[in-house]
Structures are given as structure tokens and as C-alpha cells.
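**Student:** My structure file run.tsv, TSV, C-alpha atoms and all ligand atoms, is below:
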```tsv
chain	number	residue	atom	x	y	z
A	1	MET	CA	92.93	112.78	106.97
A	2	ASN	CA	94.38	111.46	110.20
A	3	ALA	CA	97.27	113.56	111.44
A	4	ARG	CA	98.42	111.10	114.15
A	5	GLY	CA	98.45	107.44	113.25
A	6	PRO	CA	99.59	105.81	110.03
A	7	LEU	CA	96.86	104.60	107.73
A	8	SER	CA	96.96	101.40	105.78
A	9	GLY	CA	97.44	100.83	102.08
A	10	SER	CA	97.73	104.07	100.22
A	11	GLY	CA	96.74	105.95	103.36
A	12	TYR	CA	99.22	108.19	105.05
A	13	VAL	CA	99.75	110.70	107.76
A	14	GLN	CA	100.74	114.09	106.57
A	15	GLY	CA	103.00	116.51	108.32
A	16	GLY	CA	104.99	119.43	107.09
A	17	GLY	CA	104.09	122.99	107.90
A	18	ALA	CA	102.22	123.10	104.63
A	19	SER	CA	98.85	121.65	103.81
A	20	LEU	CA	98.83	119.06	101.04
A	21	GLU	CA	99.63	120.70	97.78
A	22	ILE	CA	97.60	119.21	94.95
A	23	ARG	CA	99.97	118.94	92.03
A	24	PRO	CA	99.07	118.40	88.43
A	25	PRO	CA	99.53	114.80	87.27
A	26	SER	CA	103.09	113.87	86.28
A	27	CYS	CA	103.82	114.85	82.71
A	28	GLY	CA	107.35	113.38	82.57
A	29	LEU	CA	108.33	109.84	83.49
A	30	VAL	CA	108.69	108.52	87.01
A	31	LYS	CA	112.29	107.39	87.55
A	32	VAL	CA	113.33	105.51	90.68
A	33	VAL	CA	116.81	105.99	92.12
A	34	GLY	CA	118.03	103.72	94.90
A	35	GLY	CA	120.63	104.59	97.51
A	36	SER	CA	122.81	101.75	98.69
A	37	ALA	CA	120.84	101.37	101.96
A	38	SER	CA	117.65	100.62	100.02
A	39	LEU	CA	118.51	99.05	96.68
A	40	PRO	CA	116.23	95.96	96.79
A	41	LEU	CA	113.25	98.08	97.89
A	42	ALA	CA	113.99	100.72	95.23
A	43	ARG	CA	114.12	98.07	92.51
A	44	ALA	CA	110.88	96.49	93.77
A	45	LEU	CA	109.26	99.92	93.83
A	46	ALA	CA	110.28	100.60	90.21
A	47	THR	CA	108.70	97.25	89.25
A	48	GLU	CA	105.49	98.10	91.15
A	49	LEU	CA	105.29	101.51	89.47
A	50	HIS	CA	106.25	100.15	86.01
A	51	SER	CA	108.88	102.88	85.95
A	52	ASP	CA	112.54	103.10	85.00
A	53	PHE	CA	115.24	102.37	87.53
A	54	VAL	CA	118.28	104.63	87.38
A	55	ASP	CA	121.51	102.89	88.34
A	56	VAL	CA	124.01	104.70	90.51
A	57	ALA	CA	127.77	104.24	90.45
A	58	GLN	CA	129.11	104.15	94.00
A	59	GLU	CA	132.80	104.24	93.15
A	60	ARG	CA	134.90	106.24	90.78
A	61	HIS	CA	137.83	103.92	91.22
A	62	PRO	CA	137.57	100.28	92.25
A	63	GLY	CA	137.48	100.12	96.04
A	64	GLY	CA	136.16	103.69	96.41
A	65	PHE	CA	137.94	106.61	98.03
A	66	PRO	CA	140.72	105.50	100.39
A	67	ASP	CA	139.29	107.63	103.22
A	68	GLY	CA	135.87	105.95	102.98
A	69	GLU	CA	133.95	109.02	101.76
A	70	ARG	CA	130.87	108.34	99.62
A	71	TYR	CA	130.78	108.90	95.88
A	72	VAL	CA	127.66	108.84	93.72
A	73	ARG	CA	127.03	109.25	90.02
A	74	LEU	CA	123.65	108.86	88.32
A	75	LEU	CA	124.03	106.52	85.35
A	76	GLY	CA	120.81	107.56	83.62
A	77	PRO	CA	118.99	110.81	82.80
A	78	VAL	CA	116.32	112.32	85.07
A	79	ALA	CA	115.95	115.74	83.39
A	80	GLY	CA	112.30	116.75	83.28
A	81	ASP	CA	111.23	113.62	85.16
A	82	HIS	CA	109.60	112.94	88.50
A	83	ALA	CA	112.46	111.29	90.41
A	84	VAL	CA	111.75	109.05	93.40
A	85	LEU	CA	114.84	108.62	95.56
A	86	VAL	CA	114.71	105.73	98.04
A	87	GLN	CA	117.21	105.75	100.88
A	88	THR	CA	117.02	104.72	104.53
A	89	THR	CA	118.88	107.11	106.84
A	90	TRP	CA	120.71	104.44	108.81
A	91	PRO	CA	123.56	103.89	109.38
A	92	ASP	CA	125.04	107.39	109.34
A	93	LEU	CA	126.93	107.20	106.03
A	94	MET	CA	123.63	106.53	104.28
A	95	ILE	CA	122.51	110.03	105.28
A	96	VAL	CA	125.45	111.56	103.45
A	97	GLU	CA	124.65	109.39	100.44
A	98	LEU	CA	121.02	110.55	100.52
A	99	PHE	CA	122.10	114.20	100.40
A	100	LEU	CA	124.59	113.55	97.59
A	101	LEU	CA	121.99	111.71	95.53
A	102	ALA	CA	119.27	114.29	96.11
A	103	ASP	CA	121.62	117.06	95.05
A	104	ALA	CA	122.80	115.14	91.99
A	105	ILE	CA	119.18	114.49	90.96
A	106	ARG	CA	118.35	118.20	91.26
A	107	ASP	CA	121.48	119.24	89.36
A	108	ALA	CA	120.56	116.74	86.63
A	109	GLY	CA	117.29	118.65	86.11
A	110	ALA	CA	114.58	116.46	87.66
A	111	ARG	CA	111.25	118.26	87.57
A	112	ARG	CA	110.12	116.86	90.90
A	113	LEU	CA	111.86	114.89	93.64
A	114	THR	CA	110.01	112.62	96.05
A	115	VAL	CA	112.32	111.31	98.74
A	116	VAL	CA	111.28	107.98	100.25
A	117	VAL	CA	113.01	107.35	103.57
A	118	PRO	CA	111.86	103.80	104.39
A	119	TYR	CA	113.42	103.90	107.87
A	120	PHE	CA	113.91	107.39	109.30
A	121	GLY	CA	117.00	107.11	111.50
A	122	TYR	CA	117.48	109.74	114.24
A	123	GLY	CA	113.73	109.73	114.96
A	124	ARG	CA	114.35	108.99	118.63
A	125	GLN	CA	116.09	112.35	119.14
A	126	ASP	CA	112.86	114.16	118.36
A	127	LYS	CA	113.21	116.78	121.07
A	128	ARG	CA	115.83	118.56	123.14
A	129	PHE	CA	116.02	116.35	126.24
A	130	LEU	CA	118.96	118.36	127.66
A	131	GLU	CA	119.92	121.96	127.00
A	132	GLY	CA	122.36	122.30	124.14
A	133	GLU	CA	121.37	119.08	122.37
A	134	ALA	CA	120.61	118.96	118.66
A	135	VAL	CA	117.04	117.97	117.80
A	136	SER	CA	118.45	115.45	115.34
A	137	ALA	CA	115.12	114.54	113.71
A	138	LYS	CA	114.59	118.22	112.85
A	139	THR	CA	118.15	118.50	111.50
A	140	LEU	CA	117.48	115.64	109.10
A	141	ALA	CA	114.07	117.02	108.12
A	142	LYS	CA	115.54	120.42	107.31
A	143	HIS	CA	118.29	119.00	105.15
A	144	ILE	CA	116.10	116.51	103.28
A	145	ALA	CA	113.76	119.40	102.43
A	146	LEU	CA	116.60	121.34	100.74
A	147	ASP	CA	116.21	119.21	97.61
A	148	ALA	CA	112.97	117.24	98.07
A	149	ASP	CA	109.47	118.32	97.09
A	150	GLU	CA	107.93	115.81	99.47
A	151	MET	CA	108.98	113.00	101.77
A	152	LEU	CA	107.43	109.62	102.47
A	153	THR	CA	108.48	107.39	105.35
A	154	MET	CA	107.22	104.38	107.31
A	155	ALA	CA	106.69	103.58	111.00
A	156	ILE	CA	108.45	106.74	112.12
A	157	HIS	CA	109.34	106.86	115.82
A	158	ASN	CA	107.01	109.81	116.47
A	159	PRO	CA	104.53	111.03	113.82
A	160	ASP	CA	104.99	114.59	115.18
A	161	ILE	CA	108.36	114.58	113.39
A	162	LEU	CA	106.42	114.89	110.13
A	163	HIS	CA	105.47	118.40	111.21
A	164	MET	CA	109.16	119.33	111.44
A	165	PHE	CA	109.44	119.09	107.66
A	166	PRO	CA	108.98	122.36	105.77
A	167	ILE	CA	107.64	120.27	102.86
A	168	PRO	CA	104.73	117.76	102.80
A	169	ALA	CA	105.88	114.72	104.77
A	170	ARG	CA	103.81	111.58	105.06
A	171	GLU	CA	103.89	108.27	106.90
A	172	VAL	CA	102.86	105.17	104.97
A	173	SER	CA	101.86	102.12	106.98
A	174	GLY	CA	103.90	98.93	106.64
A	175	MET	CA	101.39	96.84	108.55
A	176	PRO	CA	99.47	95.62	105.47
A	177	ALA	CA	102.72	93.95	104.32
A	178	LEU	CA	103.14	92.16	107.66
A	179	GLY	CA	99.43	91.33	107.70
A	180	ARG	CA	99.75	89.65	104.29
A	181	TYR	CA	102.62	87.55	105.60
A	182	ILE	CA	100.65	86.54	108.71
A	183	LYS	CA	97.64	85.65	106.55
A	184	GLY	CA	99.79	83.09	104.74
A	185	SER	CA	101.18	81.67	107.99
A	186	ASP	CA	99.78	79.36	110.67
A	187	ALA	CA	99.47	82.17	113.25
A	188	ASP	CA	96.33	81.97	115.38
A	189	LEU	CA	96.84	85.30	117.16
A	190	VAL	CA	98.58	88.63	116.56
A	191	LEU	CA	100.20	90.08	119.68
A	192	ALA	CA	101.47	93.59	120.43
A	193	PRO	CA	104.39	93.35	122.89
A	194	ASP	CA	103.48	96.70	124.46
A	195	GLY	CA	100.85	99.42	124.51
A	196	ASN	CA	102.61	101.41	121.76
A	197	ALA	CA	102.31	98.51	119.34
A	198	ILE	CA	98.56	97.95	119.79
A	199	ARG	CA	97.72	100.07	116.72
A	200	PHE	CA	100.20	98.04	114.65
A	201	ALA	CA	98.83	94.69	115.87
A	202	ARG	CA	95.26	95.84	115.25
A	203	GLU	CA	96.05	96.74	111.64
A	204	ALA	CA	98.06	93.57	110.90
A	205	ALA	CA	95.28	91.52	112.53
A	206	LYS	CA	92.65	93.16	110.32
A	207	VAL	CA	94.58	92.39	107.13
A	208	SER	CA	95.36	88.82	108.20
A	209	GLY	CA	91.88	88.11	109.54
A	210	ARG	CA	93.29	86.99	112.92
A	211	PRO	CA	92.37	88.20	116.40
A	212	TYR	CA	94.84	90.34	118.37
A	213	ASP	CA	95.83	90.96	121.96
A	214	HIS	CA	98.56	92.90	123.71
A	215	LEU	CA	101.00	92.92	126.60
A	216	GLU	CA	102.14	95.89	128.69
A	217	LYS	CA	105.87	96.59	128.83
A	218	GLU	CA	107.93	98.68	131.20
A	219	ARG	CA	111.28	99.83	129.84
A	220	ILE	CA	113.97	99.76	132.53
A	221	ASP	CA	116.80	101.01	130.26
A	222	SER	CA	117.86	100.76	126.59
A	223	TYR	CA	118.65	97.05	127.02
A	224	THR	CA	116.14	95.86	129.66
A	225	VAL	CA	112.35	95.61	129.60
A	226	LYS	CA	109.81	94.06	131.97
A	227	ILE	CA	106.42	92.67	130.94
A	228	ALA	CA	103.46	93.14	133.31
A	229	PRO	CA	101.70	89.87	134.26
A	230	LYS	CA	98.69	89.14	132.03
A	231	LYS	CA	96.89	85.89	131.24
A	232	LEU	CA	96.65	85.28	127.50
A	233	ASP	CA	94.66	82.63	125.64
A	234	VAL	CA	97.69	81.13	123.86
A	235	ARG	CA	98.03	77.54	125.09
A	236	GLY	CA	98.86	75.31	122.10
A	237	LYS	CA	98.61	78.30	119.71
A	238	SER	CA	100.89	79.88	117.17
A	239	VAL	CA	101.42	83.57	117.98
A	240	ALA	CA	102.79	86.37	115.77
A	241	ILE	CA	104.35	89.24	117.74
A	242	VAL	CA	104.13	92.47	115.72
A	243	ASP	CA	106.12	95.65	116.37
A	244	ASP	CA	107.34	98.68	114.45
A	245	VAL	CA	111.01	98.14	115.27
A	246	ILE	CA	113.18	95.34	116.56
A	247	SER	CA	116.40	96.90	117.78
A	248	THR	CA	118.19	94.85	120.47
A	249	GLY	CA	115.38	92.28	120.38
A	250	GLY	CA	114.86	92.75	124.14
A	251	THR	CA	111.17	93.60	123.82
A	252	THR	CA	110.48	90.71	121.44
A	253	ALA	CA	112.45	88.18	123.51
A	254	THR	CA	110.68	89.17	126.73
A	255	ALA	CA	107.28	88.83	125.07
A	256	ALA	CA	108.29	85.51	123.45
A	257	LYS	CA	109.39	84.07	126.81
A	258	GLU	CA	106.08	85.13	128.38
A	259	LEU	CA	104.20	83.40	125.53
A	260	ARG	CA	106.24	80.21	125.99
A	261	ALA	CA	105.61	80.31	129.74
A	262	GLN	CA	101.87	80.45	128.99
A	263	GLY	CA	102.07	77.42	126.66
A	264	ALA	CA	102.30	78.94	123.17
A	265	ARG	CA	103.24	76.27	120.61
A	266	ARG	CA	105.01	78.59	118.15
A	267	VAL	CA	106.21	82.19	118.38
A	268	SER	CA	107.09	84.32	115.38
A	269	ALA	CA	108.26	87.93	115.55
A	270	LEU	CA	107.47	90.43	112.79
A	271	CYS	CA	108.61	94.02	112.49
A	272	VAL	CA	108.73	96.76	109.90
A	273	HIS	CA	112.27	97.92	110.73
A	274	GLY	CA	114.76	95.21	111.68
A	275	LEU	CA	117.85	96.91	113.09
A	276	PHE	CA	119.11	93.87	115.02
A	277	VAL	CA	121.81	95.61	117.01
A	278	GLY	CA	123.78	94.43	120.06
A	279	LYS	CA	122.65	91.01	121.28
A	280	ALA	CA	119.64	90.83	118.95
A	281	ALA	CA	120.64	87.51	117.32
A	282	GLU	CA	121.01	85.90	120.75
A	283	ASN	CA	117.79	87.45	122.09
A	284	LEU	CA	115.80	86.34	119.08
A	285	THR	CA	116.60	82.66	119.59
A	286	ALA	CA	113.51	82.88	121.84
A	287	CYS	CA	111.45	82.95	118.59
A	288	ASP	CA	110.81	80.23	116.01
A	289	GLU	CA	110.86	82.75	113.17
A	290	VAL	CA	111.82	86.40	112.71
A	291	VAL	CA	110.45	88.45	109.82
A	292	ALA	CA	111.38	92.01	108.85
A	293	THR	CA	110.55	94.16	105.83
A	294	ASP	CA	112.97	95.68	103.33
A	295	THR	CA	112.97	99.15	104.94
A	296	VAL	CA	116.27	97.92	106.43
A	297	ASN	CA	118.08	95.04	104.76
A	298	SER	CA	119.06	92.10	106.95
A	299	ALA	CA	119.12	88.32	107.02
A	300	TYR	CA	115.54	88.51	108.34
A	301	THR	CA	114.16	90.60	105.46
A	302	LYS	CA	111.35	88.50	104.02
A	303	VAL	CA	108.62	91.01	103.16
A	304	SER	CA	108.64	93.97	100.78
A	305	VAL	CA	106.80	97.19	101.48
A	306	ALA	CA	107.14	98.24	97.82
A	307	PRO	CA	103.36	97.86	97.22
A	308	GLU	CA	102.65	100.23	100.12
A	309	PHE	CA	105.06	102.93	98.89
A	310	ALA	CA	103.93	102.45	95.29
A	311	ALA	CA	100.30	103.11	96.31
A	312	ALA	CA	101.38	106.22	98.21
A	313	ILE	CA	103.37	107.53	95.23
A	314	ARG	CA	100.46	106.93	92.86
A	315	ALA	CA	98.25	108.86	95.28
A	316	LEU	CA	100.57	111.88	95.07
A	317	GLY	CA	99.12	112.64	91.66
A	401	LIG	C1	109.23	100.79	121.38
A	401	LIG	O1	108.21	101.28	121.81
A	401	LIG	C2	109.28	100.17	120.03
A	401	LIG	O2	108.01	99.98	119.52
A	401	LIG	C3	110.01	98.83	120.07
A	401	LIG	O3	109.29	97.94	120.89
A	401	LIG	C4	111.39	98.96	120.57
A	401	LIG	O4	112.07	100.03	119.94
A	401	LIG	C5	112.16	97.69	120.34
A	401	LIG	O5	113.45	97.84	120.86
A	401	LIG	P1	114.26	96.57	121.36
A	401	LIG	O6	114.28	95.57	120.24
A	401	LIG	O7	115.64	97.11	121.66
A	401	LIG	O8	113.60	96.06	122.60
```
Turn this file's structure into C-alpha cells for me.
**Tutor:**
Amino acid sequence: MNARGPLSGSGYVQGGGASLEIRPPSCGLVKVVGGSASLPLARALATELHSDFVDVAQERHPGGFPDGERYVRLLGPVAGDHAVLVQTTWPDLMIVELFLLADAIRDAGARRLTVVVPYFGYGRQDKRFLEGEAVSAKTLAKHIALDADEMLTMAIHNPDILHMFPIPAREVSGMPALGRYIKGSDADLVLAPDGNAIRFAREAAKVSGRPYDHLEKERIDSYTVKIAPKKLDVRGKSVAIVDDVISTGGTTATAAKELRAQGARRVSALCVHGLFVGKAAENLTACDEVVATDTVNSAYTKVSVAPEFAAAIRALG
């Protein structure tokens, strides 16, 4: 088992202080619960697993609490069942909702709780850069583990975070989903916008049956990146840029402009996590098409990673 890079399909990276605990096969039902950050993915996952979906009430009174605090109530039973809770930890309120739901599921008597965090927010603060800082990724890991038996996530900022979990924690690859999309498109080439994304491009290229190449990026600050000069064979071609995350869209836009300058006919940008913050919409006008998965819901969500998480859940045993 690879402890560093995500594996495709049902493959995963495992972290957690513990070695993989082999559990007996589920004897109760699998029930999927979706937090409000991840409802479409949770529903798709329930369909993939042929399992029940447990609805959640988000308000006790119409309009919710006047102070904006979250409220959750499970609308179906989970006692004795293997519950799968799906909730992205971004933006911040979704973290509170995750903890409320996990606690409610435990109190309702679930036999086992698998927490699926499609996009693990706070992954960038994975160490103490300055004295006195919180290691936010560890804080989240610790609190998720209070109720969860295991955690699955996707395209985490740093796979070492998985080792911060005191429970088995695994990374499932989202690249097969992007690869399937590319396979059905007119893309001639898959391109990684920087060195970090080469492993993603390689995997998406393998699934789609297209060749891949990469650029080298230098990050100047959170908003500015520079691409090192490199001659690519893209004249007249359709190119699919693949990355784990599009945040401000700066990386994607810089790569797209370089591709245009070298004569690319069409540029599409695909990512697992589409955050699209700041000037992302403006930056992404450099692309003909933008595609994101349902780990984070946005106007660009066109691909579901439910098959990838379903395979990983089936592999839990
Ligand atoms: C960085 O290494 C990541 O893989 C992404 O390229 C980066 O987070 C994208 O950020 P932005 O969209 O703000 O350039």
C-alpha cells in the first residue's frame, strides 16, 4: 500500500497512527447521511452503494436560528447501522455541521461511522509556520476522530495530514473521474500546470488514454504565479489542464495563457476541488471550459466522484 500518493479507483492512501484494522463485513445496513456542503454527492453515493439516504432537517423553525447557528436533526433511524456521513469542511460553518451530525449519528446508535470529507478544508495549515499558531489540519483531524471510526478524503493538500488522524484515514483519488470526462472530450493532451500536479495529470491521462505533459510554476504570492518558459507541442490542439484545486484560478489562467501563446486551439481546465474564490471567474475566462467535481458544489460542478468513494467504502469491508 502506498503511503504517499493517492491511488486510483478503489485505491487509497492510508494514514492514521493505526495500521488498517480489518473489520468484519457490515451486518447492519449502510445508511448515507449528507451534510449541507455535500448533499448532491451524498445522494449520488447512496445510489452507487444501493443504500438508504437519511434526510436531515436543517431548521427547527422556518428561516433557522436568528443568530445563524446550525441546527441538525436526523430524519431517519441509523441505530445498529453503518452510517456514512458526507460533509466537506469548507466553508467554516460546514465544520460545525459535520461535528453536530457526527455526534447525532453516534447518539442515535450507529454501529459504525465512516466520515467522508470530500474536500478537507484547513489542509494548508498543516504545520506550525510561526510559534503559537494552531496546526489547523491536526485540530480538525482530532475532532473528526472523536465520533468517526475512519475517515476518507480526496486530493488532500498534504497526504502527511492523514497521519495526524488517530483513526484510519485514507485518501481516495478523484483523477479517474476527471479522466473519464477527458476521455469523452476532444482533448488531445492532458497538462499539469506545475510540478505538483504531474501525478494528477499522469493518472487522468492514463484513464483517458491521452498523452500528458507539464509546466513548471513559481508562486510569487497567494494571488500571483509565474510559469517557466517551456516549448509544448500544442499548436492547433485541444488541451485539458488538470489540477487538484482551483482556488483563485491564477495557476490555471497563467497556464491557459501560455497554451494560447503557443497556439493551442482549445483550453479546458479540470480540477477535483473548485473553490473559485476572489477573481476566479475573471481569471477563468482564459479557458473555453471549466470542470470541477462535486467535492465542492459550484456552477462548474460537472463530474461526480461518487463512484470513487463508493469503491473505497466497499473496500472497507
Ligand atoms: C498548488 O500546488 C495547487 O495544486 C493548485 O495549483 C493551487 O492551489 C491553485 O491555486 P490558484 O487557483 O489560487 O492558483
**Student:** Quick check, in Å to one decimal: how far apart do CA of Ala240 in chain A and CA of Leu191 in chain A lie?
**Tutor:** 6.0 Å
**Student:** So for ligand LIG 401 (chain A), what box centre and size do we get, axis-aligned, 4 Å extra on each of the six sides, every listed atom, Å to one decimal, as lines of an AutoDock Vina configuration file?
**Tutor:**
```
center_x = 111.8
center_y = 98.4
center_z = 121.1
size_x = 15.6
size_y = 13.7
size_z = 11.1
```
**Student:** Within 6 Å of ligand LIG 401 (chain A) (counting all atoms listed in the file), which residues show up? I'd like them as a list in words.
**Tutor:**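 Residues lying within 6 Å of ligand LIG 401 (chain A): Asn196, Ala197, Asp243, Asp244, Val245, Ile246, Ser247, Thr248, Gly249, Gly250 and Thr251 of chain A.
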**Student:** Report, in Å to a single decimal, how far apart CA of Tyr212 in chain A and CA of Val190 in chain A are.
**Tutor:**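 Atom-to-atom, CA of Val190 in chain A and CA of Tyr212 in chain A are spaced 4.5 Å apart.
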**Student:** Please report the interatomic distance between CA of Ile105 in chain A and CA of Ala79 in chain A in Å with one decimal.
**Tutor:**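 That distance, rounded to one decimal, is 8.3 Å.
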**Student:** Since the input lacks atoms, please generate N, CA and C atoms for range 81-105 of chain A and provide them as a JSON list (two decimals), keeping the file's coordinate frame.
**Tutor:**
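Okay, out_33.json is ready:
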```
[["chain", "number", "residue", "atom", "x", "y", "z"],
["A", 81, "ASP", "N", 112.00, 114.75, 84.62],
["A", 81, "ASP", "CA", 111.23, 113.62, 85.16],
["A", 81, "ASP", "C", 110.86, 113.84, 86.63],
["A", 82, "HIS", "N", 109.92, 113.01, 87.08],
["A", 82, "HIS", "CA", 109.60, 112.94, 88.50],
["A", 82, "HIS", "C", 110.51, 111.85, 89.08],
["A", 83, "ALA", "N", 111.53, 112.27, 89.83],
["A", 83, "ALA", "CA", 112.46, 111.29, 90.41],
["A", 83, "ALA", "C", 111.98, 110.88, 91.79],
["A", 84, "VAL", "N", 112.09, 109.58, 92.07],
["A", 84, "VAL", "CA", 111.75, 109.05, 93.40],
["A", 84, "VAL", "C", 113.04, 108.44, 93.96],
["A", 85, "LEU", "N", 113.58, 109.08, 94.96],
["A", 85, "LEU", "CA", 114.84, 108.62, 95.56],
["A", 85, "LEU", "C", 114.52, 107.83, 96.83],
["A", 86, "VAL", "N", 115.02, 106.60, 96.89],
["A", 86, "VAL", "CA", 114.71, 105.73, 98.04],
["A", 86, "VAL", "C", 116.00, 105.50, 98.82],
["A", 87, "GLN", "N", 116.02, 105.94, 100.07],
["A", 87, "GLN", "CA", 117.21, 105.75, 100.88],
["A", 87, "GLN", "C", 116.87, 105.83, 102.37],
["A", 88, "THR", "N", 117.15, 104.75, 103.07],
["A", 88, "THR", "CA", 117.02, 104.72, 104.53],
["A", 88, "THR", "C", 118.15, 105.53, 105.15],
["A", 89, "THR", "N", 117.87, 106.25, 106.23],
["A", 89, "THR", "CA", 118.88, 107.11, 106.84],
["A", 89, "THR", "C", 119.57, 106.41, 108.01],
["A", 90, "TRP", "N", 120.00, 105.22, 107.80],
["A", 90, "TRP", "CA", 120.71, 104.44, 108.81],
["A", 90, "TRP", "C", 121.51, 103.37, 108.09],
["A", 91, "PRO", "N", 122.77, 103.13, 108.41],
["A", 91, "PRO", "CA", 123.56, 103.89, 109.38],
["A", 91, "PRO", "C", 123.99, 105.25, 108.82],
["A", 92, "ASP", "N", 124.80, 105.97, 109.61],
["A", 92, "ASP", "CA", 125.04, 107.39, 109.34],
["A", 92, "ASP", "C", 125.51, 107.71, 107.91],
["A", 93, "LEU", "N", 126.40, 106.89, 107.37],
["A", 93, "LEU", "CA", 126.93, 107.20, 106.03],
["A", 93, "LEU", "C", 125.82, 107.25, 104.98],
["A", 94, "MET", "N", 124.74, 106.55, 105.24],
["A", 94, "MET", "CA", 123.63, 106.53, 104.28],
["A", 94, "MET", "C", 122.93, 107.89, 104.21],
["A", 95, "ILE", "N", 123.08, 108.67, 105.28],
["A", 95, "ILE", "CA", 122.51, 110.03, 105.28],
["A", 95, "ILE", "C", 123.29, 110.90, 104.31],
["A", 96, "VAL", "N", 124.61, 110.79, 104.38],
["A", 96, "VAL", "CA", 125.45, 111.56, 103.45],
["A", 96, "VAL", "C", 125.10, 111.17, 102.01],
["A", 97, "GLU", "N", 124.95, 109.87, 101.80],
["A", 97, "GLU", "CA", 124.65, 109.39, 100.44],
["A", 97, "GLU", "C", 123.30, 109.93, 99.96],
["A", 98, "LEU", "N", 122.34, 109.98, 100.87],
["A", 98, "LEU", "CA", 121.02, 110.55, 100.52],
["A", 98, "LEU", "C", 121.18, 111.98, 100.04],
["A", 99, "PHE", "N", 121.94, 112.79, 100.78],
["A", 99, "PHE", "CA", 122.10, 114.20, 100.40],
["A", 99, "PHE", "C", 122.83, 114.33, 99.06],
["A", 100, "LEU", "N", 123.85, 113.50, 98.85],
["A", 100, "LEU", "CA", 124.59, 113.55, 97.59],
["A", 100, "LEU", "C", 123.67, 113.20, 96.42],
["A", 101, "LEU", "N", 122.88, 112.14, 96.61],
["A", 101, "LEU", "CA", 121.99, 111.71, 95.53],
["A", 101, "LEU", "C", 120.90, 112.74, 95.23],
["A", 102, "ALA", "N", 120.33, 113.29, 96.30],
["A", 102, "ALA", "CA", 119.27, 114.29, 96.11],
["A", 102, "ALA", "C", 119.81, 115.49, 95.35],
["A", 103, "ASP", "N", 121.01, 115.91, 95.71],
["A", 103, "ASP", "CA", 121.62, 117.06, 95.05],
["A", 103, "ASP", "C", 121.94, 116.74, 93.59],
["A", 104, "ALA", "N", 122.46, 115.54, 93.36],
["A", 104, "ALA", "CA", 122.80, 115.14, 91.99],
["A", 104, "ALA", "C", 121.54, 115.08, 91.12],
["A", 105, "ILE", "N", 120.45, 114.59, 91.70],
["A", 105, "ILE", "CA", 119.18, 114.49, 90.96],
["A", 105, "ILE", "C", 118.68, 115.89, 90.59]]
```
